Amino acid sequence: MQASDMDGHGRSAAFARRLFAPLPRRYDVLGEVLSAGQNARWRRRLVDEIVAARPRTVLDVASGTAGVAMQVVRRCEARVVAVDISPEMLLQGRSKAAAAGLGPRLSFALGDARRLPFPDAVFDALSFTYLLRYVPDPQATLTELARVVRPGGKVASLEFHVPRSSLLRTGWRLYTHGVMPLIAAAGGGAWYRVGRFLGPSIEEHYRRFPLEAQLDAWRRAGLHDVGCRVMSLGAGVVMWGTRDA
């Protein structure tokens with residue numbers, strides 16, 4: 001692994017691949033459990049932003065098992081490309097899409113969000129989910145994501161959040177640092193490692209990249225009308241913006 005691929009907090013492409021490689025089979029179920037049932041609601045809000053733009057082509061980055069990508073295909077007439085760094089996740093997503101009969105409008109590509117394998121300005125919209133915690137330079141990654149979106153196109157994202165209220169933050173910390181690892185342990189050793197990792201990872205992300213800094217980073221990446229909605233008492237946040245002309 002090159003030094004440029006990893007920083008002091010272990011954020012790297014190789015780390016992400018290792019973390020998620022054992023997870024695809026139970027990813028959707030345990031994802032809902034670990035988010036206390038909120039992940040589906042957050043995803044719907046993200047997809048609302050994409051669908052409202054009435055795109056013909058959509059790139060879904062950090063697609064995982066294609067949960068967001070499949071929603072977009074179901075809710076609008078767009079052709080969607082799902083990109084993820086994990087071949088295991090993509091394989092599971094491809095299997096789900098085929099079983100649901102969504103194959104004709106949903107394709108899959110192995111790729112790194114920091115170096116997307118697409119030309120400039122080719123997609124009408126772009127979504128990404130739980131991504132920026134895993135890259136050493138979020139600003140550079142946002143700029144790369146915006147690069148492949150046409151002027152006037154929509155970009156939207158979903159990420160965990162840390163409640164700002166001290167009372168809610170205390171409850172959130174008890175859940176993410178204590179309860180979540182115990183729940184995850186029911187899924188096996190790989191999920192237990194994820195359960196232990198998530199809480200500290202989310203807190204560290206917001207220490208180094210607070211929400212206000214993220215909104216500014218979206219603007220510096222070439223997006224305007226940037227906004228966000230914090231959801232579920234501060235546990236999740238959906239963000240959006242429009243590509244500059």
# chains A, B, ... in the order shown; residues from 1 in each chain; ligands from 1

$ select_by_dssp --residues "stretch 39-199 of chain A" --states "strand (DSSP E)" --output "ChimeraX atom specification"
/A:57-61,79-84,106-110,123-129,149-160

$ residues_around --residues "stretch 190-200 of chain A" --least-positions-apart "6" --cutoff "7 Å" --atoms "only C-alpha atoms" --output "number ranges by chain"
A: 22, 176-177, 180-181, 184

$ atom_distance --atom1 "atom CA of A:Ala121" --atom2 "atom CA of A:Gly153"
8.9 Å

$ residues_around --residues "A:Val237" --least-positions-apart "6" --cutoff "8 Å" --atoms "only C-alpha atoms" --output "list of chain:residue names"
A:Trp42, A:Leu158, A:Glu159, A:Phe160, A:His161, A:Cys228, A:Arg229, A:Val230, A:Met231

$ atom_distance --atom1 "atom CA of A:Gly234" --atom2 "atom CA of A:Arg133"
17.2 Å

$ select_by_dssp --residues "stretch 126-241 of chain A" --states "alpha helix (DSSP H)" --output "number ranges by chain"
A: 138-147, 166-174, 180-185, 189-208, 211-220

$ closest_residue --among "A:Val179, A:Leu223, A:Met70, A:Pro163" --to "A:Ala98" --atoms "only C-alpha atoms"
A:Met70

$ closest_residue --among "A:Pro104, A:Gly222, A:Gly227, A:Pro55" --to "A:Leu142" --atoms "only C-alpha atoms"
A:Gly222

$ residues_around --residues "A:Arg219" --least-positions-apart "3" --cutoff "12 Å" --atoms "only C-alpha atoms" --output "PyMOL selection string"
chain A and resi 139+142-143+146+155+212-216+222-227+239-244

$ closest_residue --among "A:Ala62, A:Ala99, A:Ala125, A:Ala140" --to "A:Lys154" --atoms "only C-alpha atoms"
A:Ala125

$ residues_around --residues "A:Arg43" --least-positions-apart "5" --cutoff "12 Å" --atoms "only C-alpha atoms" --output "PyMOL selection string"
chain A and resi 31-32+35+37-38+48-50+63+66-72+127-130+156-160+231+236-239

$ write_last_selection --atoms "C-alpha atoms" --output "short mmCIF file (atom, residue, chain, number, x, y, z; two decimals), in the first residue's frame"
data_model
loop_
_atom_site.label_atom_id
_atom_site.label_comp_id
_atom_site.auth_asym_id
_atom_site.auth_seq_id
_atom_site.Cartn_x
_atom_site.Cartn_y
_atom_site.Cartn_z
CA GLY A 31 -27.43 -2.20 8.12
CA GLU A 32 -31.00 -1.55 9.16
CA SER A 35 -29.00 2.20 12.23
CA GLY A 37 -34.19 1.06 11.49
CA GLN A 38 -33.37 4.51 10.10
CA ASP A 48 -36.02 11.97 -3.30
CA GLU A 49 -33.34 14.54 -4.19
CA ILE A 50 -32.09 12.54 -7.16
CA SER A 63 -23.09 1.75 -3.97
CA ALA A 66 -26.95 -1.30 -4.75
CA GLY A 67 -29.71 -0.35 -2.33
CA VAL A 68 -29.83 3.29 -3.46
CA ALA A 69 -29.20 2.44 -7.11
CA MET A 70 -32.14 0.03 -7.17
CA GLN A 71 -34.43 2.63 -5.59
CA VAL A 72 -33.47 5.17 -8.25
CA SER A 127 -25.45 9.88 -5.40
CA PHE A 128 -23.03 8.57 -2.80
CA THR A 129 -23.51 6.92 0.55
CA TYR A 130 -21.29 6.59 3.65
CA ALA A 156 -26.81 14.05 -3.19
CA SER A 157 -25.31 12.05 -0.35
CA LEU A 158 -26.13 10.19 2.85
CA GLU A 159 -23.89 9.94 5.91
CA PHE A 160 -24.15 9.17 9.59
CA MET A 231 -32.51 13.45 10.45
CA GLY A 236 -28.05 10.91 9.94
CA VAL A 237 -27.68 13.67 7.37
CA VAL A 238 -28.65 13.95 3.70
CA MET A 239 -26.83 16.60 1.67
#

$ closest_residue --among "A:Asp84, A:Asp28, A:Asp120, A:Asp60" --to "A:Val148" --atoms "only C-alpha atoms"
A:Asp120

$ decode --residues "stretch 24-150 of chain A" --atoms "C-alpha atoms" --output "PDB file, in the first residue's frame"
ATOM      1  CA  PRO A  24     -22.373  -8.501   1.574  1.00  0.00           C
ATOM      2  CA  ARG A  25     -24.694 -11.426   2.422  1.00  0.00           C
ATOM      3  CA  ARG A  26     -26.086  -9.795   5.577  1.00  0.00           C
ATOM      4  CA  TYR A  27     -25.305  -6.183   4.710  1.00  0.00           C
ATOM      5  CA  ASP A  28     -28.865  -4.990   4.077  1.00  0.00           C
ATOM      6  CA  VAL A  29     -30.427  -6.588   7.149  1.00  0.00           C
ATOM      7  CA  LEU A  30     -27.706  -5.667   9.600  1.00  0.00           C
ATOM      8  CA  GLY A  31     -27.426  -2.197   8.121  1.00  0.00           C
ATOM      9  CA  GLU A  32     -31.003  -1.549   9.165  1.00  0.00           C
ATOM     10  CA  VAL A  33     -30.420  -3.062  12.595  1.00  0.00           C
ATOM     11  CA  LEU A  34     -27.268  -1.029  13.278  1.00  0.00           C
ATOM     12  CA  SER A  35     -29.004   2.202  12.232  1.00  0.00           C
ATOM     13  CA  ALA A  36     -31.946   1.386  14.529  1.00  0.00           C
ATOM     14  CA  GLY A  37     -34.188   1.057  11.487  1.00  0.00           C
ATOM     15  CA  GLN A  38     -33.368   4.512  10.102  1.00  0.00           C
ATOM     16  CA  ASN A  39     -31.175   3.618   7.122  1.00  0.00           C
ATOM     17  CA  ALA A  40     -34.138   2.944   4.804  1.00  0.00           C
ATOM     18  CA  ARG A  41     -35.718   6.290   5.700  1.00  0.00           C
ATOM     19  CA  TRP A  42     -32.447   8.132   5.079  1.00  0.00           C
ATOM     20  CA  ARG A  43     -32.003   6.403   1.726  1.00  0.00           C
ATOM     21  CA  ARG A  44     -35.507   7.371   0.616  1.00  0.00           C
ATOM     22  CA  ARG A  45     -34.740  11.016   1.426  1.00  0.00           C
ATOM     23  CA  LEU A  46     -31.517  10.820  -0.585  1.00  0.00           C
ATOM     24  CA  VAL A  47     -33.320   9.259  -3.539  1.00  0.00           C
ATOM     25  CA  ASP A  48     -36.017  11.974  -3.300  1.00  0.00           C
ATOM     26  CA  GLU A  49     -33.342  14.536  -4.188  1.00  0.00           C
ATOM     27  CA  ILE A  50     -32.086  12.538  -7.163  1.00  0.00           C
ATOM     28  CA  VAL A  51     -35.527  11.680  -8.554  1.00  0.00           C
ATOM     29  CA  ALA A  52     -36.721  15.290  -8.282  1.00  0.00           C
ATOM     30  CA  ALA A  53     -34.056  16.268 -10.833  1.00  0.00           C
ATOM     31  CA  ARG A  54     -35.599  13.860 -13.399  1.00  0.00           C
ATOM     32  CA  PRO A  55     -32.229  12.538 -14.579  1.00  0.00           C
ATOM     33  CA  ARG A  56     -31.691  10.228 -17.536  1.00  0.00           C
ATOM     34  CA  THR A  57     -28.349   8.920 -16.266  1.00  0.00           C
ATOM     35  CA  VAL A  58     -27.247   8.497 -12.646  1.00  0.00           C
ATOM     36  CA  LEU A  59     -23.963   7.386 -11.087  1.00  0.00           C
ATOM     37  CA  ASP A  60     -24.294   5.815  -7.642  1.00  0.00           C
ATOM     38  CA  VAL A  61     -20.871   5.841  -5.948  1.00  0.00           C
ATOM     39  CA  ALA A  62     -19.993   3.678  -2.932  1.00  0.00           C
ATOM     40  CA  SER A  63     -23.089   1.755  -3.975  1.00  0.00           C
ATOM     41  CA  GLY A  64     -22.455  -1.255  -1.742  1.00  0.00           C
ATOM     42  CA  THR A  65     -25.119  -3.834  -2.525  1.00  0.00           C
ATOM     43  CA  ALA A  66     -26.945  -1.301  -4.754  1.00  0.00           C
ATOM     44  CA  GLY A  67     -29.709  -0.352  -2.332  1.00  0.00           C
ATOM     45  CA  VAL A  68     -29.827   3.288  -3.463  1.00  0.00           C
ATOM     46  CA  ALA A  69     -29.202   2.440  -7.113  1.00  0.00           C
ATOM     47  CA  MET A  70     -32.139   0.026  -7.167  1.00  0.00           C
ATOM     48  CA  GLN A  71     -34.429   2.627  -5.592  1.00  0.00           C
ATOM     49  CA  VAL A  72     -33.470   5.172  -8.252  1.00  0.00           C
ATOM     50  CA  VAL A  73     -34.214   2.687 -11.048  1.00  0.00           C
ATOM     51  CA  ARG A  74     -37.598   1.866  -9.517  1.00  0.00           C
ATOM     52  CA  ARG A  75     -38.601   5.490  -8.997  1.00  0.00           C
ATOM     53  CA  CYS A  76     -37.566   7.122 -12.268  1.00  0.00           C
ATOM     54  CA  GLU A  77     -36.694   6.255 -15.862  1.00  0.00           C
ATOM     55  CA  ALA A  78     -32.951   6.792 -15.485  1.00  0.00           C
ATOM     56  CA  ARG A  79     -30.198   4.383 -16.420  1.00  0.00           C
ATOM     57  CA  VAL A  80     -28.003   3.894 -13.355  1.00  0.00           C
ATOM     58  CA  VAL A  81     -24.379   2.833 -12.968  1.00  0.00           C
ATOM     59  CA  ALA A  82     -23.471   1.469  -9.515  1.00  0.00           C
ATOM     60  CA  VAL A  83     -19.801   1.869  -8.589  1.00  0.00           C
ATOM     61  CA  ASP A  84     -18.063   0.399  -5.558  1.00  0.00           C
ATOM     62  CA  ILE A  85     -14.525  -0.465  -4.526  1.00  0.00           C
ATOM     63  CA  SER A  86     -15.578  -3.888  -3.223  1.00  0.00           C
ATOM     64  CA  PRO A  87     -16.092  -6.667  -5.805  1.00  0.00           C
ATOM     65  CA  GLU A  88     -17.931  -8.714  -3.173  1.00  0.00           C
ATOM     66  CA  MET A  89     -20.470  -5.936  -2.618  1.00  0.00           C
ATOM     67  CA  LEU A  90     -20.980  -5.450  -6.340  1.00  0.00           C
ATOM     68  CA  LEU A  91     -21.543  -9.162  -6.849  1.00  0.00           C
ATOM     69  CA  GLN A  92     -24.275  -9.150  -4.216  1.00  0.00           C
ATOM     70  CA  GLY A  93     -25.813  -6.023  -5.736  1.00  0.00           C
ATOM     71  CA  ARG A  94     -25.793  -7.550  -9.208  1.00  0.00           C
ATOM     72  CA  SER A  95     -27.520 -10.659  -7.860  1.00  0.00           C
ATOM     73  CA  LYS A  96     -30.211  -8.566  -6.143  1.00  0.00           C
ATOM     74  CA  ALA A  97     -30.826  -6.473  -9.251  1.00  0.00           C
ATOM     75  CA  ALA A  98     -31.141  -9.548 -11.462  1.00  0.00           C
ATOM     76  CA  ALA A  99     -33.605 -11.162  -9.051  1.00  0.00           C
ATOM     77  CA  ALA A 100     -35.676  -7.970  -9.069  1.00  0.00           C
ATOM     78  CA  GLY A 101     -35.645  -7.744 -12.853  1.00  0.00           C
ATOM     79  CA  LEU A 102     -33.773  -4.422 -12.851  1.00  0.00           C
ATOM     80  CA  GLY A 103     -30.801  -5.538 -14.935  1.00  0.00           C
ATOM     81  CA  PRO A 104     -31.619  -3.684 -18.187  1.00  0.00           C
ATOM     82  CA  ARG A 105     -31.318  -0.218 -16.590  1.00  0.00           C
ATOM     83  CA  LEU A 106     -28.776  -0.947 -13.850  1.00  0.00           C
ATOM     84  CA  SER A 107     -25.140  -1.737 -14.554  1.00  0.00           C
ATOM     85  CA  PHE A 108     -22.164  -2.230 -12.236  1.00  0.00           C
ATOM     86  CA  ALA A 109     -18.545  -1.087 -12.316  1.00  0.00           C
ATOM     87  CA  LEU A 110     -15.624  -1.638  -9.982  1.00  0.00           C
ATOM     88  CA  GLY A 111     -14.080   1.726  -9.196  1.00  0.00           C
ATOM     89  CA  ASP A 112     -12.495   4.081  -6.680  1.00  0.00           C
ATOM     90  CA  ALA A 113     -14.380   7.303  -5.874  1.00  0.00           C
ATOM     91  CA  ARG A 114     -11.080   9.185  -5.849  1.00  0.00           C
ATOM     92  CA  ARG A 115     -10.375   8.284  -9.489  1.00  0.00           C
ATOM     93  CA  LEU A 116     -13.636   7.560 -11.281  1.00  0.00           C
ATOM     94  CA  PRO A 117     -13.315   5.697 -14.593  1.00  0.00           C
ATOM     95  CA  PHE A 118     -15.582   8.121 -16.486  1.00  0.00           C
ATOM     96  CA  PRO A 119     -15.089  11.260 -18.627  1.00  0.00           C
ATOM     97  CA  ASP A 120     -16.072  14.738 -17.480  1.00  0.00           C
ATOM     98  CA  ALA A 121     -19.730  15.804 -17.307  1.00  0.00           C
ATOM     99  CA  VAL A 122     -21.381  12.554 -18.456  1.00  0.00           C
ATOM    100  CA  PHE A 123     -24.050  11.955 -15.751  1.00  0.00           C
ATOM    101  CA  ASP A 124     -27.214  13.935 -15.057  1.00  0.00           C
ATOM    102  CA  ALA A 125     -27.042  13.122 -11.335  1.00  0.00           C
ATOM    103  CA  LEU A 126     -24.786  11.424  -8.806  1.00  0.00           C
ATOM    104  CA  SER A 127     -25.449   9.881  -5.404  1.00  0.00           C
ATOM    105  CA  PHE A 128     -23.028   8.565  -2.802  1.00  0.00           C
ATOM    106  CA  THR A 129     -23.511   6.921   0.553  1.00  0.00           C
ATOM    107  CA  TYR A 130     -21.288   6.589   3.647  1.00  0.00           C
ATOM    108  CA  LEU A 131     -18.216   7.469   1.583  1.00  0.00           C
ATOM    109  CA  LEU A 132     -16.197  10.411   2.869  1.00  0.00           C
ATOM    110  CA  ARG A 133     -15.186   8.749   6.149  1.00  0.00           C
ATOM    111  CA  TYR A 134     -13.088   6.319   4.119  1.00  0.00           C
ATOM    112  CA  VAL A 135     -11.014   8.759   2.054  1.00  0.00           C
ATOM    113  CA  PRO A 136      -7.944  10.694   3.243  1.00  0.00           C
ATOM    114  CA  ASP A 137      -8.918  13.884   1.362  1.00  0.00           C
ATOM    115  CA  PRO A 138     -12.700  14.485   1.294  1.00  0.00           C
ATOM    116  CA  GLN A 139     -12.324  17.760  -0.619  1.00  0.00           C
ATOM    117  CA  ALA A 140     -10.409  16.107  -3.456  1.00  0.00           C
ATOM    118  CA  THR A 141     -12.949  13.280  -3.569  1.00  0.00           C
ATOM    119  CA  LEU A 142     -15.889  15.695  -3.747  1.00  0.00           C
ATOM    120  CA  THR A 143     -14.176  17.542  -6.586  1.00  0.00           C
ATOM    121  CA  GLU A 144     -13.692  14.249  -8.436  1.00  0.00           C
ATOM    122  CA  LEU A 145     -17.358  13.305  -7.923  1.00  0.00           C
ATOM    123  CA  ALA A 146     -18.535  16.677  -9.224  1.00  0.00           C
ATOM    124  CA  ARG A 147     -16.258  16.329 -12.260  1.00  0.00           C
ATOM    125  CA  VAL A 148     -18.395  13.609 -13.869  1.00  0.00           C
ATOM    126  CA  VAL A 149     -21.720  15.476 -13.395  1.00  0.00           C
ATOM    127  CA  ARG A 150     -23.126  17.676 -16.142  1.00  0.00           C
TER     128      ARG A 150
END
